[in-house]
Amino acid sequence: MARAFLVVMDSVGIGGAPDADTFFNGDVPDTGANTLGHIARACAAGEAEAGRSGPLHLPTLARLGIWQAEALANGRPVQGQAAGKWGAATEVSRGKDTPSGHWELAGLPVPWEWHYFPDSDPAFPAELMAEVAALAGVDGTLGNTHASGLPVIEAFAAEHIRTGRPICYTSADSVFQIAAHEEHFGLDRLLALCEAAAPRLHAMKVGRVIARPFIGEAGAYVRTENRRDYAIVPPAPVLTNWVQDAGRRVYGIGKIGDIFSMQGIDEVRKGSDAVLMAHLADLVREAEGGSLTFANFVEFDSLYGHRRDVAGYARALEWFDAEIGGLISALQPGDMLVLTADHGNDPTWVGTDHTRERVPVLVAGQGGGPLGHMGFVDVAALVAGHLGVAVPVATVGS
């Protein structure tokens with residue numbers, strides 16, 4: 001019985017979004033952003049030499065058609081042949097964030113406008129901060145700002161440890177993040193706080209409440225792998241539900257369970273991207289016939305895109321390319337493996353936010369040829385069709 005593996009290379013956009021001019025990093029529109037293309041250009045120019053050297057080397061993705069997809073996305077002539085099926089997908093949801101991209105890839109465009117907090121100090125309403133403090137059992141909160149994770153932790157960690165007040169911050173995404181020290185505040189206490197605060201934030205149409213635990217001491221704080229996202233439940237069935245309702249098993253790798261609030265997911269496996277690749281390899285060997293494995297590899301985005309680390313992003317792409325090549329060779333006859341992305345995060349761009357881009361769709365195990373331009377929702381239909389699972393017309397293409 002056919003199996004499907006849907007793998008999201010978080011933030012590996014390929015440029016060309018037709019509405020990029022309506023999305024911004026600060027005051028600069030995303031017009032012209034191209035995560036993969038600009039990394040390749042920097043590598044070719046010798047501008048990404050830290051820990052690697054030379055042109056960007058992606059033989060597996062190139063064989064599947066990623067450069068054809070990138071050319072198509074940006075309106076350039078497509079050259080050469082590919083061994084895989086390839087296309088360029090365009091998003092319609094009005095967001096360039098994790099839930100928007102993943103929900104739409106799973107067949108459900110976001111049916112509302114997300115709430116975003118203003119880029120001001122303070123960023124949050126006073127009544128929300130009072131509620132969070134009460135839920136935490138302390139006399140106040142810290143942060144209350146737009147910030148990147150490690151800088152805001154460094155700025156407020158000492159006072160957080162002394163007072164027990166949680167560090168609250170946001171970004172250009174529709175998120176409310178709470179950072180706390182695993183030892184001084186307690187991991188279980190942080191997770192309970194985020195879970196308790198989530199309904200209030202979800203009612204505001206804030207997409208995710210994110211627990212951001214960290215450890216260490218001044219000058220050496222490190223965020224741990226115990227992050228947890230409390231996301232709004234999708235308002236309609238998605239690909240994972242369709243597959244599960246058909247009596248098949250669904251595996252989530254990485255933060256997939258969090259993104260979909262465990263809707264339609266039987267089992268979750270987490271860890272660093274290296275650990276997640278091992279989990280994916282295990283499931284390529286062991287997952288039962290008819291199953292769906294839905295994976296997210298987040299470190300392209302979290303470690304390199306937001307930090308505008310071009311060389312680090314290139315290293316991560318080259319590592320992923322080598323690893324996924326081995327997994328593709330281990331696929332069983334009839335298996336489908338789809339590689340795609342949820343948005344862009346061009347490390348050569350201004351600011352630290354995601355970038356609005358088209359994404360690649362690369363299919364291994366099903367022959368070769370162009371898929372052409374497609375929607376994010378077409379990825380869900382592609383996977384469902386391979387598994388022989390019905391696609392609810394009311395959710396896909398709406």
# chains A, B, ... in the order shown; residues from 1 in each chain; ligands from 1
>>> select_by_dssp(residues="region 171-306 of chain A", states="strand (DSSP E)", output="ChimeraX atom specification")
/A:175-181,208-215,222-223,228-231,250-253,267-269,292-297
>>> write_last_selection(atoms="C-alpha atoms", output="short mmCIF file (atom, residue, chain, number, x, y, z; two decimals), in the first residue's frame")
data_model
loop_
_atom_site.label_atom_id
_atom_site.label_comp_id
_atom_site.auth_asym_id
_atom_site.auth_seq_id
_atom_site.Cartn_x
_atom_site.Cartn_y
_atom_site.Cartn_z
CA VAL A 175 2.83 35.11 18.01
CA PHE A 176 3.01 35.67 21.76
CA GLN A 177 6.23 34.19 23.17
CA ILE A 178 7.10 33.53 26.79
CA ALA A 179 10.70 32.80 27.78
CA ALA A 180 11.64 31.36 31.16
CA HIS A 181 14.62 29.60 32.72
CA ARG A 208 0.57 30.79 18.43
CA VAL A 209 1.62 31.07 22.05
CA ILE A 210 5.19 29.78 22.16
CA ALA A 211 7.04 28.53 25.22
CA ARG A 212 10.72 29.46 24.93
CA PRO A 213 12.66 27.70 27.71
CA PHE A 214 16.34 28.45 28.23
CA ILE A 215 19.18 27.45 30.53
CA VAL A 222 21.02 28.88 25.55
CA ARG A 223 17.50 28.09 24.38
CA ARG A 228 6.37 24.13 22.64
CA ASP A 229 3.90 25.89 20.34
CA TYR A 230 0.26 26.27 21.39
CA ALA A 231 -1.44 26.98 18.08
CA VAL A 250 -0.22 9.76 10.53
CA TYR A 251 3.22 10.53 11.94
CA GLY A 252 4.33 14.07 12.82
CA ILE A 253 8.04 14.88 12.89
CA GLU A 267 2.38 9.92 16.84
CA VAL A 268 4.91 12.77 17.18
CA ARG A 269 8.69 12.55 17.15
CA LEU A 292 1.49 9.71 5.98
CA THR A 293 4.65 11.09 7.55
CA PHE A 294 4.55 14.89 7.81
CA ALA A 295 7.87 16.48 8.82
CA ASN A 296 9.18 19.98 9.49
CA PHE A 297 12.88 20.82 9.58
#
>>> select_by_dssp(residues="region 102-137 of chain A", states="alpha helix (DSSP H)", output="PDB file with N, CA and C atoms, in the first residue's frame")
ATOM      1  N   HIS A 102       1.754  26.087   6.649  1.00  0.00           N
ATOM      2  CA  HIS A 102       1.476  24.668   6.872  1.00  0.00           C
ATOM      3  C   HIS A 102      -0.002  24.338   6.696  1.00  0.00           C
ATOM      4  N   TRP A 103      -0.895  25.179   7.213  1.00  0.00           N
ATOM      5  CA  TRP A 103      -2.317  24.905   7.025  1.00  0.00           C
ATOM      6  C   TRP A 103      -2.653  24.846   5.543  1.00  0.00           C
ATOM      7  N   GLU A 104      -2.120  25.797   4.781  1.00  0.00           N
ATOM      8  CA  GLU A 104      -2.460  25.823   3.357  1.00  0.00           C
ATOM      9  C   GLU A 104      -1.829  24.647   2.620  1.00  0.00           C
ATOM     10  N   LEU A 105      -0.599  24.270   2.976  1.00  0.00           N
ATOM     11  CA  LEU A 105      -0.001  23.071   2.393  1.00  0.00           C
ATOM     12  C   LEU A 105      -0.840  21.835   2.704  1.00  0.00           C
ATOM     13  N   ALA A 126      -2.225  46.289  28.455  1.00  0.00           N
ATOM     14  CA  ALA A 126      -1.964  46.150  29.891  1.00  0.00           C
ATOM     15  C   ALA A 126      -2.794  45.034  30.512  1.00  0.00           C
ATOM     16  N   GLU A 127      -4.058  44.879  30.059  1.00  0.00           N
ATOM     17  CA  GLU A 127      -4.905  43.841  30.654  1.00  0.00           C
ATOM     18  C   GLU A 127      -4.400  42.444  30.308  1.00  0.00           C
ATOM     19  N   LEU A 128      -3.795  42.270  29.134  1.00  0.00           N
ATOM     20  CA  LEU A 128      -3.224  40.973  28.775  1.00  0.00           C
ATOM     21  C   LEU A 128      -2.028  40.666  29.662  1.00  0.00           C
ATOM     22  N   MET A 129      -1.190  41.659  29.901  1.00  0.00           N
ATOM     23  CA  MET A 129      -0.026  41.453  30.758  1.00  0.00           C
ATOM     24  C   MET A 129      -0.431  41.134  32.197  1.00  0.00           C
ATOM     25  N   ALA A 130      -1.492  41.788  32.658  1.00  0.00           N
ATOM     26  CA  ALA A 130      -1.970  41.515  34.011  1.00  0.00           C
ATOM     27  C   ALA A 130      -2.475  40.080  34.114  1.00  0.00           C
ATOM     28  N   GLU A 131      -3.147  39.619  33.069  1.00  0.00           N
ATOM     29  CA  GLU A 131      -3.660  38.248  33.089  1.00  0.00           C
ATOM     30  C   GLU A 131      -2.523  37.236  33.070  1.00  0.00           C
ATOM     31  N   VAL A 132      -1.493  37.477  32.252  1.00  0.00           N
ATOM     32  CA  VAL A 132      -0.352  36.566  32.198  1.00  0.00           C
ATOM     33  C   VAL A 132       0.368  36.527  33.546  1.00  0.00           C
ATOM     34  N   ALA A 133       0.556  37.680  34.171  1.00  0.00           N
ATOM     35  CA  ALA A 133       1.196  37.718  35.484  1.00  0.00           C
ATOM     36  C   ALA A 133       0.390  36.930  36.505  1.00  0.00           C
ATOM     37  N   ALA A 134      -0.930  37.096  36.473  1.00  0.00           N
ATOM     38  CA  ALA A 134      -1.781  36.362  37.409  1.00  0.00           C
ATOM     39  C   ALA A 134      -1.692  34.861  37.182  1.00  0.00           C
ATOM     40  N   LEU A 135      -1.691  34.454  35.936  1.00  0.00           N
ATOM     41  CA  LEU A 135      -1.577  33.030  35.624  1.00  0.00           C
ATOM     42  C   LEU A 135      -0.239  32.463  36.086  1.00  0.00           C
ATOM     43  N   ALA A 136       0.805  33.297  36.035  1.00  0.00           N
ATOM     44  CA  ALA A 136       2.128  32.863  36.473  1.00  0.00           C
ATOM     45  C   ALA A 136       2.292  32.932  37.983  1.00  0.00           C
TER      46      ALA A 136
END
>>> residues_around(residues="Pro109 (chain A)", least_positions_apart="5", cutoff="12 Å", atoms="only C-alpha atoms", output="number ranges by chain")
A: 90-95, 99-104, 234-238, 375-378, 380, 394-398
>>> closest_residue(among="A:Gly87, A:Phe185, A:Gly46, A:Arg315", to="Leu382 (chain A)", atoms="only C-alpha atoms")
A:Gly87
>>> residues_around(residues="Ser329 (chain A)", least_positions_apart="5", cutoff="12 Å", atoms="only C-alpha atoms", output="list in words")
Thr60, Ala281, Val284, Arg285, Ala322, Glu323, Ile324, Asp335, Met336, Leu337, Ala364 and Gly365 of chain A
>>> closest_residue(among="A:Gly75, A:Gly16, A:Gly107, A:Pro347", to="Pro392 (chain A)", atoms="only C-alpha atoms")
A:Gly107
>>> closest_residue(among="A:Lys96, A:Pro199, A:Asp121, A:Pro77", to="Asp342 (chain A)", atoms="only C-alpha atoms")
A:Lys96
>>> atom_distance(atom1="CA of Met9 (chain A)", atom2="CA of Asp173 (chain A)")
18.3 Å
>>> closest_residue(among="A:Ala390, A:Leu6, A:Ile66, A:Ala314", to="Ile39 (chain A)", atoms="only C-alpha atoms")
A:Ala314
>>> residues_around(residues="Arg52 (chain A)", least_positions_apart="4", cutoff="10 Å", atoms="only C-alpha atoms", output="number ranges by chain")
A: 43, 48, 56, 311-312, 314-315, 318
>>> write_last_selection(atoms="N, CA and C atoms", output="short mmCIF file (atom, residue, chain, number, x, y, z; two decimals), in the first residue's frame")
data_model
loop_
_atom_site.label_atom_id
_atom_site.label_comp_id
_atom_site.auth_asym_id
_atom_site.auth_seq_id
_atom_site.Cartn_x
_atom_site.Cartn_y
_atom_site.Cartn_z
N CYS A 43 27.15 32.28 -2.19
CA CYS A 43 28.15 31.20 -2.19
C CYS A 43 29.05 31.31 -3.41
N ALA A 48 30.12 33.25 1.52
CA ALA A 48 29.52 32.34 2.52
C ALA A 48 30.52 31.22 2.81
N LEU A 56 27.22 26.75 -3.89
CA LEU A 56 26.26 25.96 -3.14
C LEU A 56 26.11 24.59 -3.80
N ALA A 311 26.07 31.87 5.48
CA ALA A 311 26.92 30.68 5.46
C ALA A 311 26.29 29.54 6.27
N GLY A 312 25.71 29.88 7.42
CA GLY A 312 25.05 28.86 8.22
C GLY A 312 23.89 28.22 7.47
N ALA A 314 23.57 28.04 4.22
CA ALA A 314 24.14 27.22 3.16
C ALA A 314 24.63 25.88 3.71
N ARG A 315 25.29 25.91 4.86
CA ARG A 315 25.74 24.64 5.48
C ARG A 315 24.55 23.73 5.76
N GLU A 318 23.25 22.16 2.56
CA GLU A 318 24.13 21.11 2.05
C GLU A 318 24.06 19.85 2.91
#
>>> atom_distance(atom1="CA of Leu187 (chain A)", atom2="CA of Asp97 (chain A)")
25.7 Å
>>> closest_residue(among="A:Val310, A:Met374, A:Ala147, A:Leu276", to="Glu49 (chain A)", atoms="only C-alpha atoms")
A:Val310
>>> atom_distance(atom1="CA of Met262 (chain A)", atom2="CA of Ile232 (chain A)")
10.7 Å
>>> closest_residue(among="A:Gln332, A:Val206, A:Arg308, A:Val12", to="Thr348 (chain A)", atoms="only C-alpha atoms")
A:Arg308
>>> residues_around(residues="Leu36 (chain A)", least_positions_apart="5", cutoff="9 Å", atoms="only C-alpha atoms", output="JSON list (two decimals) with C-alpha atoms, in the first residue's frame")
[["chain", "number", "residue", "atom", "x", "y", "z"],
["A", 12, "VAL", "CA", 13.45, 27.56, 1.97],
["A", 13, "GLY", "CA", 11.63, 29.93, -0.39],
["A", 14, "ILE", "CA", 12.50, 30.42, -4.05],
["A", 15, "GLY", "CA", 11.34, 34.01, -4.65],
["A", 41, "ARG", "CA", 24.59, 33.85, -5.38],
["A", 70, "GLU", "CA", 13.44, 28.47, -8.81],
["A", 314, "ALA", "CA", 24.14, 27.22, 3.16],
["A", 344, "GLY", "CA", 10.86, 32.31, 2.79],
["A", 346, "ASP", "CA", 16.06, 35.32, 2.91]]
>>> residues_around(residues="Glu217 (chain A)", least_positions_apart="6", cutoff="12 Å", atoms="only C-alpha atoms", output="PyMOL selection string")
chain A and resi 153-154+156-158+160-161+181-184+223
